[in-house]
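What follows is a short report on a single structure.
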Amino acid sequence: MAGFHVSSLKPNEVSANLRSGTFALKWPEETNKPVTPIAVNLSVDSKGFYLICLNKMTKETECFDISLIHDTRTGSEALLPRGASDCEQIHIGVRTPLSDKWLTIYYGNSFVPDRDLRIIHFCFSSPSIAREWTDQLFQYGHNPLLKNLSTLECLEKFHSRIINGLIDDRGDKTISVRNLIQWLCKNARDVSKETKILKALEYLELPCRPEMVIDPDQFTFNKFVRFYMQLMERHEIDKLFDATGGKHRRYLSWEKIRDFIMKQNDARGDAFGMDYYDQKAKDLVKKYTQFNKHFVQKGMCDESFLRYLLSFDNLIVDPAKFDLFMDMDKPLAHYFISSSHNTYLTGSQLTGRASTEMYRQVLLTGCRCIELDVVDSEKKTDEPEIKHRNTPVRSVPFYNVICAIRDCAFKVSPYPLILSLENHCSARVQAKMAEHLVNVFGDSLITQPLKTHPIEENCALPSPNDLKYKILIKNKKLPQNPKSKTNNNVGQPPIRKTDSIATTTSDQSIGAGLTSTSPIQSSFVNSSTDTGQRKQAVLNEIRNDTQPIEFDPQLSNDNNRIGIVTEEDDNSTEEEEIVPNIEATNDTNLSDILISDPSNNMMNNPTYPTNSDALAESKATKAMSDLVHYIVPKSFVTFAEAEKRNRSYEISSFAEDKAQNLIRDYAIEFVAYNQRQLSRIYPRGTRFDSSNYNPYLFWPVGCQMVALNYQTLDTPMQVNLGLFSFNRGCGYIEKPSSLCQSTGSFDPKGRTNVENVVGYQIDIKLISGQFFCQDREPTYVDIEMYGMYADATKRHEYRLRAKRWNGFQAVYDDTDVEQGEFSIRFSKVILPEMASLRFVVSEEDGTFIGQSFIPVAHLRSGYRHVVLRNQINIPVQSASLFVYIRKDVHVDAENKELIDQLVSPTSVQPIIKEQQTKQIKFKPLSEQRSHSVGEINTMTKHSHEEIQPFAHHFPVNSPLQHYYPSTTEMNMPLTGVSLHRKKRLQSIAMVDMNSYQNKLIASSQLYDKERLCRELDFEGAQETKYFKRKREGIDVKIRRASVEFDKKILLEEERFRKCLYRQHTGIYSSVQRPSHHWTQTESNLPTSSYNDGRTSSLIHQRVISDEMKQAETRLLDLYSKKLHSQNELEYKLSKDYYNDLEKYVNDYYSKQLNYLHDTLKHEQAKVKGDVRVHMKTETKKTIMSETDREKIDSLKEKIRQMNIEAGALAIRKLQEMHEKLETTIQTNLQTSLKYLHQNKDLETKNRFSKYSDQLNEIKVRLQREIHGYDFHNLRETSSSPYRSTIITSASLSILSQHENPINSPTFIPSLPTSSSSENFLPTKQSSSDEPIDKNSIKHNQFDTEDFMNSLNLTTESTRL
């Protein structure tokens, strides 16, 4: 399972200090009244759900939902309210700055300050306490698990709210029944609900009158669950419990739970085996029966089963998806990036207020691209400001905004943050802006490209991991050519970390200067200035102003004019202004043109703005340009031009209308564009109310930065927050692979299936909804599908109305799931990775109650609870929907009949024509799976050919992987089985007892013994990749273990050779001495003895030294130890190898048995289903043909009995076939194991023989080298007193050639050594003139060659 990820998320672990509580002063939120701090006790409940604030004076308790805490601040980040510093009562504890002891909490259901976002202030006695509470509360509030609770945990949270929020601390710390009723009814008078609550309390044996009180210690969570069950009346759970197997025993054994969770997870074809589900079922039973010891050993009761259905273990989404589970090492263009539009606005685009706090709130949601509209200060200072141009919106200081961004940039996400600057500043203000960016962001700001990712053509963008904790600037950038660099260096101060840039009074003039003595000076002069100076000043100003980010020398046209595009305005279309091409004109001519031609003179042209701000809108300064990397804005021309440039670092922005036009005409090209580089979409300028467009209009083509207005929590914003809540809410979501593959063939508007992607059919049955604290009926549930464009023309939204409402639970569909009737069906989801479901619950008048957004790729099938959330995607208190979801492979309408035949071949009546049944030839299963489902219709062309079944192959690559048959495989027709059937009898009263055997048994898969009981191919199994590597590993380990022995043997072989040489040298010296040097014993030996080979051998043996014997013994010991070690190691490794092979054999036949059992169950289910259908059909015909009621009843009973008997006979026959096949499989298993053990024993025996033979061969070799070959003495040709040659050994034949001088043609040099070559030189010929026997010379030469061959073999055998 690729990408399988285990969640590392953990619930909040509340520290002891926060649980016990601490004293604090709370600053009143209502500033109209006289300000008096309130003494409170702050604490956090044990689960970390609520911040509990107890008023010490009034004993009233207020509970703050920690999941709604956006931010906590202390110290310099804390915002002290007006009058706090002057209030003497607030100064408690140690004498330190008040801000260090201050805690500010931003809390609520909105991101907009002063709307629903509350600002709550506390003051502690010391800075350490304030810091602890600040850090811990932020950590608890932004825990992904707290924002993605299961329904069971929502109940725990609800129970904590009752225990901590409704308790009365003025007396005995009890809970008033009246307060509980009012809270559950939302202070509305509802007699039926009140009565229901009191009856539930009475059932739990708790105080059940309004004037009574409840002891919190008695109102435990276990009792609260039963209280929940009584209020909700979960009858649908009771039906499911009975259907699962708990109807008679009132509990579910772990085997039943195992079957249930396997069905829930659609375990057919799952990577997990039976052992996994067995253990999981046992663990679940143990986990959810802890509260009831009576059922621990038996299984789950109905309450335990409900707990499991509500729990995290049965969440509709895999909890691991809320953790960081995606690959973050891909280029930036391969991710959807959470983006904001006009981030500073708190409301309308025209009248809304700009706020620095909005940047903090948006960043805390995980947003990774924010927008800053920067303009010159209205006070005519050098400080830039942020505001919406040409609107009455009040501005905020740029410096304050980037400080806020610095504080919150990486609080919730470590991945890169993009600042999209809409720059309308003059050069002077841009210099200040660049200085602030460098000073405030420091090392976090990307000021140079990464070495691994240069900013070049054909280079991909860096990944989010490459840019962790980095800030990227999106701003106009100067063109990268020498001229532009030279021009833009003029008049621009360097970027450095300083407090200010030196300026003069002339800085307040209209434009930026061009003098070399001052960084910034005026470019215009007064009216008394010389005309030439004025020309030069205007020329220089134009030169600076005509270097836009969009300029590229490659795009210059041939008429010496270029298009200069101003800075893009998100509220208007891109405007272009044409100015002369300065590069093609000399200074003098251009000056004359500007001064002489009024139409070209911008100073005199009334239609052109006369201030420098307008000029600065269309140029980028070097100070800001140097900060732009990887996000370089580029005016969009065409997709073909972008592909030709192939610059991944360029980004284009599109208004939503323009983007939709491009998608309509160039959808495929847009996808290819977004595979390579980034694009940004922003709302059209007419959305004055800050409404949002549907982001799913642009995500399907891969647009990464779809900017929305975060101040408006409408449906598009809820969809955006829902999508980016996954992957740990880091702001980056990996795009589907189809949108990232650079094949250029993906059509997002296509209606056919995507290549290599299986489409889904999703069926949803909305069963019920549970709502605490809901005073009005949740009438409607809307279920919406978001996905590819192909679904846009079809109905993709459904509305269901509640059938019943008891005040706490609404029932939407109470029909049985097994009947196959579903509330909603999305028949074709083309690209599941791009599709999402959204559930919305509303009242009769449309009042919003809750919603939930779930990507289809993360959707789990089966019975699940959908936790409802509010507009900012936080779970609503204990509101949920109970649904049943089924995900199937999508099948086109033209192929439905074919698939029905595959799934239920017996339900389709065959067409008999001339005793030949029309049959269809199918492709192999492996080929079918390699194509999309929509291509199945190509197989229907072979309708007149013979049916061929799918070849069922059990997997052999993974011994531990279990196999589950698909529905198609379990219902395949079999070769050789006759499909001829007799026509159905027209008689209604009579039922053929063999009809089921004729129809079902004859077509049963259990007849296919060859496929179901296929014997294991041992050779094929051992040739699999796993076992081949295992066998190769044995050889590698043996060779590694022999390395040390080989080194020692090599050294000992050298010693043995030296001893051998010394031994043979001593023999020759004694034999080749002159006769007058012989000893008396040697002299007395008869001369004829030299003609006897045995005598020569005796002489050889006589001179063997003890040193030679010791060398031989040592060498044999080393060889023996080496071979013994190899034998032991190979035996151990071979044993492991055969153990794995035996395990593979058992698993292979276990899969066969499992498949056989599943086939039997499936066949039995088919028989039962056919019995029901047959009974229903025959009964219907009986009713239509008969009028006598008594006869009808008699026939109906007869039909029922005969069908049941026939079905029982068919099932019994299937069981008999199953038993025979099972016996065959068991026999095959025993045969295979016997064969395996025989091979194992034979290999052990051969291995022992192999090492014994090797040792014996080594012994023989050493003996031959020591004792040599026995040759008869060569014929003498002279009467020499001693023999010229003694042949004793092939290994010494070289050394025996003392008769041949070095310069003789028959001389063969001795073996070289590294020590002394003289030792190996043969003894020269004696000075006596003895005739040389040619035969002797020839024989000696032959023996020398034989020795060399033998020595080469010996050397090879001892080499490593």
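By order of appearance in the structure tokens: chains A, B, ..., then residues from 1 within every chain, and ligands from 1 in the order shown.
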Would you list the contacts of Leu324 of chain A as a PDB file with N, CA and C atoms, in the first residue's frame, taking every protein, DNA or RNA residue within 8 Å and counting only C-alpha atoms, but skipping same-chain residues closer than 4 positions in sequence?
```
ATOM      1  N   ALA A 320      -4.932   9.251   9.976  1.00  0.00           N
ATOM      2  CA  ALA A 320      -3.581   9.579   9.512  1.00  0.00           C
ATOM      3  C   ALA A 320      -3.595  10.701   8.482  1.00  0.00           C
ATOM      4  N   PHE A 726      -6.511  19.056   5.910  1.00  0.00           N
ATOM      5  CA  PHE A 726      -5.767  17.801   5.852  1.00  0.00           C
ATOM      6  C   PHE A 726      -4.272  18.087   5.719  1.00  0.00           C
ATOM      7  N   ASN A 727      -3.476  17.035   5.845  1.00  0.00           N
ATOM      8  CA  ASN A 727      -2.014  17.144   5.778  1.00  0.00           C
ATOM      9  C   ASN A 727      -1.501  18.081   6.860  1.00  0.00           C
ATOM     10  N   ARG A 728      -2.075  17.938   8.045  1.00  0.00           N
ATOM     11  CA  ARG A 728      -1.713  18.708   9.248  1.00  0.00           C
ATOM     12  C   ARG A 728      -1.962  20.204   9.090  1.00  0.00           C
ATOM     13  N   CYS A 730      -1.017  22.298   6.917  1.00  0.00           N
ATOM     14  CA  CYS A 730       0.223  23.026   6.642  1.00  0.00           C
ATOM     15  C   CYS A 730       0.077  24.022   5.505  1.00  0.00           C
TER      16      CYS A 730
END
```
Report task. Write out as an MDAnalysis selection string each polymer residue whose atoms come within 12 Å of segment 811-821 of chain A, counting only C-alpha atoms; drop sequence neighbours fewer than 2 positions from it. Result -> chainID A and resid 232:237 239:240 243:244 763:771 777:782 799:809 823:825 841 862:863 881:886 1169
**Report entry** Computed interatomic separation between atom CA of Thr1177 of chain A and atom CA of Gln1215 of chain A (Å)
**Finding:**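 Calculated distance between atom CA of Thr1177 of chain A and atom CA of Gln1215 of chain A is 26.7 Å.
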Can you list every residue of segment 340-456 of chain A that has an atom at most 8 Å from segment 700-718 of chain A, with its nearest atom pair and the distance in Å to one decimal, using only C-alpha atoms, ordered by chain then number, as a Markdown table?
```
| residue | atom | partner | partner_atom | distance |
| --- | --- | --- | --- | --- |
| A:Ser340 | CA | A:Ala707 | CA | 4.6 |
| A:His341 | CA | A:Ala707 | CA | 5.0 |
| A:Asn342 | CA | A:Asn709 | CA | 6.9 |
| A:Thr343 | CA | A:Asn709 | CA | 7.1 |
| A:Leu345 | CA | A:Gln711 | CA | 7.3 |
| A:Thr346 | CA | A:Gln711 | CA | 5.6 |
| A:Gly347 | CA | A:Gln711 | CA | 6.2 |
| A:Val362 | CA | A:Tyr710 | CA | 7.0 |
| A:Cys369 | CA | A:Met705 | CA | 7.4 |
```
Query raised in the report: Of the candidates A:Ala24, A:Leu697, A:Ile129, A:Leu372, which one gets nearest to Ile663 of chain A if we count only C-alpha atoms?
Result: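 Smallest separation from Ile663 of chain A among the options: A:Leu697.
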Query raised in the report: Which of these residues is nearest to Phe410 of chain A, using only C-alpha atoms: A:Thr365, A:Asn1239, A:Ser679, A:Asn1228?
Result: A:Thr365
Requested in this report: Write out as an MDAnalysis selection string which residues come within 12 Å of Pro97 of chain A when counting only C-alpha atoms, dropping same-chain ones fewer than 6 positions away.
Outcome: chainID A and resid 74:76 78 80 84:85 90:91 123:127
Tell me which protein, DNA and RNA residues are within 12 Å of Glu1216 of chain A, counting only C-alpha atoms, leaving out same-chain ones fewer than 5 positions away, and put them as a compact mmCIF listing (two decimals) with N, CA, C and O atoms, in the first residue's frame.
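Generated file (part-v2.txt):
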```txt
# COMPACT_ATOMS: atom_id res chain seq x y z
N ILE A 1001 -25.79 -25.24 -9.45
CA ILE A 1001 -24.74 -26.21 -9.18
C ILE A 1001 -23.91 -26.47 -10.43
O ILE A 1001 -22.69 -26.56 -10.39
N LEU A 1006 -17.13 -24.38 -7.96
CA LEU A 1006 -16.57 -25.52 -7.24
C LEU A 1006 -16.30 -26.70 -8.16
O LEU A 1006 -15.65 -27.67 -7.75
N TYR A 1007 -16.81 -26.67 -9.39
CA TYR A 1007 -16.49 -27.72 -10.35
C TYR A 1007 -15.08 -27.55 -10.92
O TYR A 1007 -14.51 -28.50 -11.45
N LEU A 1160 -17.59 -20.87 -1.41
CA LEU A 1160 -18.75 -21.60 -0.89
C LEU A 1160 -19.79 -20.64 -0.32
O LEU A 1160 -20.99 -20.78 -0.60
N LEU A 1209 -31.16 -28.83 -0.78
CA LEU A 1209 -30.43 -29.86 -1.52
C LEU A 1209 -29.25 -29.27 -2.28
O LEU A 1209 -28.15 -29.85 -2.31
N ALA A 1210 -29.47 -28.11 -2.89
CA ALA A 1210 -28.39 -27.47 -3.63
C ALA A 1210 -27.26 -27.06 -2.70
O ALA A 1210 -26.07 -27.25 -3.02
N ILE A 1211 -27.61 -26.51 -1.54
CA ILE A 1211 -26.57 -26.11 -0.59
C ILE A 1211 -25.82 -27.32 -0.07
O ILE A 1211 -24.59 -27.30 0.10
N LEU A 1221 -13.05 -30.78 -2.34
CA LEU A 1221 -11.97 -29.87 -2.74
C LEU A 1221 -11.06 -29.55 -1.56
O LEU A 1221 -9.83 -29.45 -1.73
N GLU A 1222 -11.65 -29.40 -0.38
CA GLU A 1222 -10.84 -29.12 0.80
C GLU A 1222 -9.91 -30.30 1.10
O GLU A 1222 -8.73 -30.10 1.45
N THR A 1223 -10.42 -31.53 0.95
CA THR A 1223 -9.58 -32.71 1.16
C THR A 1223 -8.45 -32.75 0.13
O THR A 1223 -7.30 -33.08 0.47
```
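Between atom CA of Ile1225 of chain A and atom CA of Asp1008 of chain A the separation is 13.0 Å.
Those residues of segment 630-711 of chain A that DSSP, working from the backbone, places in strand (DSSP E or B) are A:Val632, A:Pro633, A:Glu650, A:Ile651, A:Ser652, A:Ser653, A:Phe654, A:Ala655, A:Ser679, A:Arg680, A:Ile681, A:Tyr682, A:Met705, A:Val706, A:Ala707, A:Leu708.
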Go ahead and write the residues just picked, all heavy atoms, as a compact mmCIF listing (two decimals), in the first residue's frame.
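Saved as out.txt:
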```txt
# COMPACT_ATOMS: atom_id res chain seq x y z
N VAL A 632 8.37 35.11 -9.72
CA VAL A 632 8.59 36.30 -10.54
C VAL A 632 7.35 36.54 -11.40
O VAL A 632 7.03 35.72 -12.26
CB VAL A 632 9.83 36.13 -11.44
CG1 VAL A 632 10.05 37.39 -12.28
CG2 VAL A 632 11.05 35.83 -10.59
N PRO A 633 6.60 37.62 -11.16
CA PRO A 633 5.39 37.87 -11.96
C PRO A 633 5.72 38.07 -13.43
O PRO A 633 6.72 38.69 -13.79
CB PRO A 633 4.81 39.14 -11.33
CG PRO A 633 5.45 39.25 -9.99
CD PRO A 633 6.80 38.64 -10.13
N GLU A 650 8.47 31.78 -13.22
CA GLU A 650 7.56 32.85 -13.60
C GLU A 650 6.13 32.48 -13.21
O GLU A 650 5.70 31.33 -13.36
CB GLU A 650 7.65 33.12 -15.10
CG GLU A 650 8.98 33.76 -15.50
CD GLU A 650 9.03 34.06 -16.99
OE1 GLU A 650 8.19 33.51 -17.72
OE2 GLU A 650 9.91 34.83 -17.41
N ILE A 651 5.39 33.45 -12.74
CA ILE A 651 4.01 33.25 -12.30
C ILE A 651 3.13 34.31 -12.94
O ILE A 651 3.53 35.47 -13.07
CB ILE A 651 3.91 33.31 -10.75
CG1 ILE A 651 2.45 33.19 -10.32
CG2 ILE A 651 4.56 34.56 -10.20
CD1 ILE A 651 2.27 33.15 -8.81
N SER A 652 1.95 33.89 -13.35
CA SER A 652 0.97 34.83 -13.91
C SER A 652 -0.29 34.81 -13.05
O SER A 652 -0.66 33.76 -12.52
CB SER A 652 0.62 34.45 -15.35
OG SER A 652 1.74 34.58 -16.19
N SER A 653 -0.90 35.97 -12.92
CA SER A 653 -2.14 36.10 -12.16
C SER A 653 -3.30 36.32 -13.11
O SER A 653 -3.16 37.04 -14.12
CB SER A 653 -2.04 37.26 -11.16
OG SER A 653 -1.05 37.00 -10.19
N PHE A 654 -4.43 35.72 -12.80
CA PHE A 654 -5.60 35.79 -13.67
C PHE A 654 -6.81 36.16 -12.83
O PHE A 654 -7.03 35.59 -11.76
CB PHE A 654 -5.87 34.45 -14.36
CG PHE A 654 -4.69 33.87 -15.09
CD1 PHE A 654 -3.80 33.05 -14.44
CD2 PHE A 654 -4.48 34.16 -16.42
CE1 PHE A 654 -2.72 32.50 -15.09
CE2 PHE A 654 -3.40 33.62 -17.10
CZ PHE A 654 -2.51 32.79 -16.43
N ALA A 655 -7.60 37.09 -13.32
CA ALA A 655 -8.91 37.32 -12.73
C ALA A 655 -9.79 36.11 -13.02
O ALA A 655 -9.59 35.39 -14.00
CB ALA A 655 -9.54 38.59 -13.29
N SER A 679 0.44 29.56 -10.91
CA SER A 679 -0.56 30.54 -11.36
C SER A 679 -1.38 30.97 -10.16
O SER A 679 -1.56 30.20 -9.21
CB SER A 679 -1.47 29.94 -12.44
OG SER A 679 -2.22 28.86 -11.92
N ARG A 680 -1.88 32.17 -10.23
CA ARG A 680 -2.68 32.72 -9.13
C ARG A 680 -3.99 33.26 -9.68
O ARG A 680 -4.00 33.98 -10.69
CB ARG A 680 -1.91 33.84 -8.41
CG ARG A 680 -2.67 34.48 -7.26
CD ARG A 680 -1.80 35.52 -6.54
NE ARG A 680 -2.53 36.18 -5.48
CZ ARG A 680 -3.23 37.30 -5.64
NH1 ARG A 680 -3.29 37.88 -6.83
NH2 ARG A 680 -3.87 37.85 -4.62
N ILE A 681 -5.08 32.90 -9.03
CA ILE A 681 -6.42 33.35 -9.43
C ILE A 681 -6.93 34.29 -8.35
O ILE A 681 -6.78 34.02 -7.16
CB ILE A 681 -7.38 32.15 -9.60
CG1 ILE A 681 -6.73 31.04 -10.42
CG2 ILE A 681 -8.68 32.60 -10.22
CD1 ILE A 681 -6.38 31.43 -11.83
N TYR A 682 -7.55 35.38 -8.77
CA TYR A 682 -8.11 36.33 -7.80
C TYR A 682 -9.52 36.71 -8.23
O TYR A 682 -9.90 36.60 -9.40
CB TYR A 682 -7.23 37.58 -7.67
CG TYR A 682 -6.98 38.33 -8.95
CD1 TYR A 682 -7.84 39.33 -9.38
CD2 TYR A 682 -5.89 38.04 -9.75
CE1 TYR A 682 -7.62 40.02 -10.55
CE2 TYR A 682 -5.64 38.73 -10.93
CZ TYR A 682 -6.52 39.72 -11.33
OH TYR A 682 -6.28 40.40 -12.50
N MET A 705 -2.53 28.68 -6.57
CA MET A 705 -2.89 29.73 -5.62
C MET A 705 -4.24 30.33 -6.03
O MET A 705 -4.30 31.25 -6.84
CB MET A 705 -1.79 30.79 -5.55
CG MET A 705 -0.50 30.25 -4.97
SD MET A 705 0.77 31.50 -4.69
CE MET A 705 1.29 31.81 -6.36
N VAL A 706 -5.29 29.77 -5.48
CA VAL A 706 -6.65 30.25 -5.73
C VAL A 706 -7.02 31.14 -4.55
O VAL A 706 -7.39 30.66 -3.48
CB VAL A 706 -7.64 29.08 -5.89
CG1 VAL A 706 -9.03 29.58 -6.16
CG2 VAL A 706 -7.18 28.15 -7.00
N ALA A 707 -6.87 32.45 -4.74
CA ALA A 707 -6.98 33.40 -3.63
C ALA A 707 -8.44 33.71 -3.32
O ALA A 707 -9.23 34.01 -4.23
CB ALA A 707 -6.23 34.68 -3.98
N LEU A 708 -8.78 33.65 -2.04
CA LEU A 708 -10.14 33.91 -1.58
C LEU A 708 -10.13 34.97 -0.50
O LEU A 708 -9.10 35.26 0.11
CB LEU A 708 -10.77 32.62 -1.03
CG LEU A 708 -10.90 31.44 -2.00
CD1 LEU A 708 -11.51 30.25 -1.29
CD2 LEU A 708 -11.73 31.80 -3.21
```
**Report entry** Contacts of Phe241 of chain A within 12 Å, only C-alpha atoms, excl. fewer than 2 positions in-chain, as an NGL selection string
**Finding:** :A and (234-239 or 243-253 or 256-257 or 260 or 300-306 or 308-309 or 863)
Requested in this report: Mind checking which residues fall within 12 Å of Glu30 of chain A, counting only C-alpha atoms, ignoring those fewer than 3 positions away in the same chain, and posting them as a VMD selection string?
Outcome: chain A and resid 26 to 27 33 to 37 81 to 82 118 to 121
Deliver the residues from the most recent selection as a file, using N, CA and C atoms, as a PDB file, in the first residue's frame.
```pdb
ATOM      1  N   LYS A  26      -9.141  38.929  35.253  1.00  0.00           N
ATOM      2  CA  LYS A  26      -9.707  39.019  33.917  1.00  0.00           C
ATOM      3  C   LYS A  26     -10.156  40.438  33.646  1.00  0.00           C
ATOM      4  N   TRP A  27      -9.691  40.976  32.544  1.00  0.00           N
ATOM      5  CA  TRP A  27     -10.071  42.335  32.159  1.00  0.00           C
ATOM      6  C   TRP A  27     -11.450  42.291  31.505  1.00  0.00           C
ATOM      7  N   LYS A  33     -18.735  49.979  30.721  1.00  0.00           N
ATOM      8  CA  LYS A  33     -18.898  50.082  32.162  1.00  0.00           C
ATOM      9  C   LYS A  33     -17.594  50.498  32.823  1.00  0.00           C
ATOM     10  N   PRO A  34     -17.657  50.927  34.051  1.00  0.00           N
ATOM     11  CA  PRO A  34     -16.412  51.221  34.774  1.00  0.00           C
ATOM     12  C   PRO A  34     -15.518  49.984  34.827  1.00  0.00           C
ATOM     13  N   VAL A  35     -14.256  50.187  34.529  1.00  0.00           N
ATOM     14  CA  VAL A  35     -13.338  49.070  34.391  1.00  0.00           C
ATOM     15  C   VAL A  35     -12.862  48.631  35.763  1.00  0.00           C
ATOM     16  N   THR A  36     -13.176  47.381  36.102  1.00  0.00           N
ATOM     17  CA  THR A  36     -12.703  46.769  37.344  1.00  0.00           C
ATOM     18  C   THR A  36     -12.292  45.341  37.040  1.00  0.00           C
ATOM     19  N   PRO A  37     -11.042  44.972  37.225  1.00  0.00           N
ATOM     20  CA  PRO A  37     -10.609  43.596  36.943  1.00  0.00           C
ATOM     21  C   PRO A  37     -11.393  42.587  37.776  1.00  0.00           C
ATOM     22  N   PRO A  81      -5.263  46.386  26.673  1.00  0.00           N
ATOM     23  CA  PRO A  81      -6.442  47.234  26.419  1.00  0.00           C
ATOM     24  C   PRO A  81      -6.246  48.629  26.980  1.00  0.00           C
ATOM     25  N   ARG A  82      -7.111  49.483  26.507  1.00  0.00           N
ATOM     26  CA  ARG A  82      -7.021  50.873  26.942  1.00  0.00           C
ATOM     27  C   ARG A  82      -7.269  50.974  28.454  1.00  0.00           C
ATOM     28  N   ARG A 118     -13.570  37.414  19.629  1.00  0.00           N
ATOM     29  CA  ARG A 118     -13.436  38.028  20.948  1.00  0.00           C
ATOM     30  C   ARG A 118     -11.960  38.128  21.333  1.00  0.00           C
ATOM     31  N   ILE A 119     -11.634  39.201  22.031  1.00  0.00           N
ATOM     32  CA  ILE A 119     -10.281  39.398  22.565  1.00  0.00           C
ATOM     33  C   ILE A 119     -10.400  39.388  24.086  1.00  0.00           C
ATOM     34  N   ILE A 120      -9.839  38.364  24.713  1.00  0.00           N
ATOM     35  CA  ILE A 120      -9.986  38.135  26.147  1.00  0.00           C
ATOM     36  C   ILE A 120      -8.626  38.328  26.801  1.00  0.00           C
ATOM     37  N   HIS A 121      -8.616  39.074  27.902  1.00  0.00           N
ATOM     38  CA  HIS A 121      -7.366  39.422  28.566  1.00  0.00           C
ATOM     39  C   HIS A 121      -7.340  38.860  29.984  1.00  0.00           C
TER      40      HIS A 121
END
```
Query raised in the report: atom CA of Tyr1149 of chain A and atom CA of Lys1028 of chain A, how far apart in Å?
Result: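 Atom CA of Tyr1149 of chain A lies 21.2 Å from atom CA of Lys1028 of chain A.
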Contacts of Gln851 of chain A within 7 Å, only C-alpha atoms, excl. fewer than 4 positions in-chain, as a PDB file with N, CA and C atoms, in the first residue's frame:
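Once written, result_30.pdb looks like this:
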```
ATOM      1  N   ARG A 838     -19.536  17.146   0.329  1.00  0.00           N
ATOM      2  CA  ARG A 838     -19.839  18.134   1.378  1.00  0.00           C
ATOM      3  C   ARG A 838     -21.263  17.907   1.868  1.00  0.00           C
ATOM      4  N   PHE A 839     -21.398  17.696   3.167  1.00  0.00           N
ATOM      5  CA  PHE A 839     -22.689  17.523   3.820  1.00  0.00           C
ATOM      6  C   PHE A 839     -23.045  18.840   4.499  1.00  0.00           C
ATOM      7  N   VAL A 840     -24.263  19.328   4.253  1.00  0.00           N
ATOM      8  CA  VAL A 840     -24.724  20.582   4.852  1.00  0.00           C
ATOM      9  C   VAL A 840     -26.095  20.345   5.468  1.00  0.00           C
ATOM     10  N   VAL A 841     -26.253  20.700   6.728  1.00  0.00           N
ATOM     11  CA  VAL A 841     -27.522  20.534   7.444  1.00  0.00           C
ATOM     12  C   VAL A 841     -28.084  21.921   7.731  1.00  0.00           C
ATOM     13  N   LEU A 868     -20.311  17.063  12.195  1.00  0.00           N
ATOM     14  CA  LEU A 868     -20.626  18.354  11.592  1.00  0.00           C
ATOM     15  C   LEU A 868     -19.748  19.452  12.188  1.00  0.00           C
ATOM     16  N   ARG A 869     -19.437  20.431  11.345  1.00  0.00           N
ATOM     17  CA  ARG A 869     -18.541  21.510  11.742  1.00  0.00           C
ATOM     18  C   ARG A 869     -19.194  22.856  11.469  1.00  0.00           C
ATOM     19  N   ASN A 870     -18.616  23.905  12.063  1.00  0.00           N
ATOM     20  CA  ASN A 870     -19.134  25.247  11.824  1.00  0.00           C
ATOM     21  C   ASN A 870     -18.473  25.848  10.590  1.00  0.00           C
TER      22      ASN A 870
END
```
Query raised in the report: Which parts of segment 701-781 of chain A does DSSP call helix (DSSP H, G or I) when run on the backbone here, written out as a count of residues only?
Result: 16
